[in-house]
Amino acid sequence: MSQPLAPHRIAVVAPSPVSMFNLAIPEMLFGKVEVDGRPGYEVVICAAEPGPVPTSGGLDLYVRHGLDVVEAADTLLVAGTGEPFEPDARIVSAVREAAAAGKRIASLCTGAFQLAEAGLLHGRRATTYWAHAEELRRRYPQVDLRGDVLYVQDGPYVTSSGYAAGIDLCLHIIRTDYGAAVANEVARRALVAPVRPGGQTQFTQTPLPPERGHACSDTRGWAMRNLDKPLTLTDLARHAGVSVRTLTRRFHAESGVSPLQWLLHQRIERAKELLETTDLPMDRVARASGLGTADSLRGHLVRRTGLTPSAYRAQFSRLGTAAADVTSSVA
């Protein structure tokens, strides 16, 4: 009998004064990951100096662990700080050592300044909280700063912009490690928006932005329930009871993308879940997700993830009793 996989170890570094919200995000999301009934992650919060760590909100948090725990971690995640322009030399050193050891390294919000100071982002794409983006660009001109994305991955380094974008980054990490079905389940359990990925090889693609209105919410829900049908702009407009032009304008205002861009995104996400949770043939996956044919499925998935459907299934498949239920429901 094969031994169960050990949880993925994540060390979350708390620079002083640390953002309490940033520290809450990893615990909230990674702590909800279960794989075959076991925790998918082990999260340890650490600081340059164990003990009371000031927060940007004026409180002190007691952090038990020092930076020595980073050595045993698989991923190092640096939280944001209220004083980003003075990176802690001890944290910068730990980041460099982690990078030299080949670990994945991520930052939330202004934590990107620590990565930039360590030299990790030289010549790489990165992002940070918009209010400090110009200062990061001024201090570290070698960084290819992307100010219009929620998060971006370049090689083993992942950075997010501010506040709730940290949720998107953590869901992206979960999806990379365990697949879209697991990440979407975590999002549902945490009552947050589903993962909005940039794609495994096209990491700088802007994810779907947050929805900013509800006028088209019924139509979006209806479309999600009918992804297997050949929906057109006219179909969506008819359901919404408006003209195609009005639908397109409202849809873009609320979702940040056109109706057909949004629909394609949802179809690909549906296809990925079916590849992960069922053993349906490729042509059935394509039809059930509304992508039409196996060739169309392959083309879209390769462009989005860099993987063929077969390779994606081989990497992320989690067949079991739940998968059998899903298979029967779309048969």
# chains A, B, ... in the order shown; residues from 1 in each chain; ligands from 1
call {"tool": "residues_around", "arguments": {"residues": "Cys170 in chain A", "least_positions_apart": "4", "cutoff": "7 Å", "atoms": "only C-alpha atoms", "output": "PyMOL selection string"}}
result
chain A and resi 26+29+166+174
call {"tool": "select_by_dssp", "arguments": {"residues": "range 71-297 of chain A", "states": "alpha helix (DSSP H)", "output": "count of residues only"}}
result
110
call {"tool": "closest_residue", "arguments": {"among": "A:Leu171, A:Leu76, A:Leu67, A:Cys216", "to": "Glu49 in chain A", "atoms": "only C-alpha atoms"}}
result
A:Leu67
call {"tool": "closest_residue", "arguments": {"among": "A:Cys46, A:Ala164, A:Val95, A:Ala131", "to": "Val69 in chain A", "atoms": "only C-alpha atoms"}}
result
A:Cys46
call {"tool": "select_by_dssp", "arguments": {"residues": "range 114-237 of chain A", "states": "strand (DSSP E or B)", "output": "list of chain:residue names"}}
result
A:Arg125, A:Ala126, A:Asp144, A:Leu145, A:Tyr151, A:Val152, A:Gln153, A:Asp154, A:Tyr157, A:Val158, A:Thr159, A:Ser160
call {"tool": "closest_residue", "arguments": {"among": "A:Phe251, A:Thr277, A:Thr246, A:Glu97", "to": "Asp218 in chain A", "atoms": "only C-alpha atoms"}}
result
A:Phe251
call {"tool": "residues_around", "arguments": {"residues": "range 102-116 of chain A", "least_positions_apart": "2", "cutoff": "6 Å", "atoms": "only C-alpha atoms", "output": "JSON, numbers by chain"}}
result
{"A": [74, 75, 76, 77, 78, 79, 80, 84, 87, 92, 98, 99, 100, 118, 119, 120, 121, 128, 129, 156, 157, 158, 159, 160, 161, 162, 166]}
call {"tool": "closest_residue", "arguments": {"among": "A:Glu117, A:Asp36, A:Asp154, A:Asp88", "to": "Pro17 in chain A", "atoms": "only C-alpha atoms"}}
result
A:Asp88
call {"tool": "residues_around", "arguments": {"residues": "Ser16 in chain A", "least_positions_apart": "6", "cutoff": "9 Å", "atoms": "only C-alpha atoms", "output": "JSON, numbers by chain"}}
result
{"A": [47, 48, 53, 54, 55, 56, 80, 81, 82, 83, 88]}
call {"tool": "residues_around", "arguments": {"residues": "range 268-271 of chain A", "least_positions_apart": "5", "cutoff": "12 Å", "atoms": "only C-alpha atoms", "output": "ChimeraX atom specification"}}
result
/A:175,179-181,183-184,194-199,224-228,261-263,276-294,296-305,308-310,312-313,326,330
call {"tool": "closest_residue", "arguments": {"among": "A:Val18, A:Asp235, A:Glu185, A:Tyr163", "to": "Gly58 in chain A", "atoms": "only C-alpha atoms"}}
result
A:Val18
call {"tool": "closest_residue", "arguments": {"among": "A:Val182, A:Ala126, A:Leu169, A:Ile45", "to": "Lys272 in chain A", "atoms": "only C-alpha atoms"}}
result
A:Val182
call {"tool": "residues_around", "arguments": {"residues": "Thr234 in chain A", "least_positions_apart": "3", "cutoff": "10 Å", "atoms": "only C-alpha atoms", "output": "list in words"}}
result
Leu231, Ala237, Arg238, His239, Ala240, Val242, Ser243, Val244, Arg245 and Leu247 of chain A
call {"tool": "write_last_selection", "arguments": {"atoms": "C-alpha atoms", "output": "mmCIF file, in the first residue's frame"}}
result
data_model
loop_
_atom_site.group_PDB
_atom_site.id
_atom_site.type_symbol
_atom_site.label_atom_id
_atom_site.label_comp_id
_atom_site.auth_asym_id
_atom_site.auth_seq_id
_atom_site.Cartn_x
_atom_site.Cartn_y
_atom_site.Cartn_z
ATOM 1 C CA LEU A 231 -24.919 29.777 -26.323
ATOM 2 C CA ALA A 237 -29.236 39.035 -24.460
ATOM 3 C CA ARG A 238 -32.612 37.338 -24.864
ATOM 4 C CA HIS A 239 -32.346 35.835 -21.382
ATOM 5 C CA ALA A 240 -31.376 39.213 -19.926
ATOM 6 C CA VAL A 242 -32.005 43.506 -23.394
ATOM 7 C CA SER A 243 -30.321 44.167 -26.716
ATOM 8 C CA VAL A 244 -26.951 42.619 -27.557
ATOM 9 C CA ARG A 245 -25.364 46.064 -27.350
ATOM 10 C CA LEU A 247 -25.873 43.309 -22.644
#
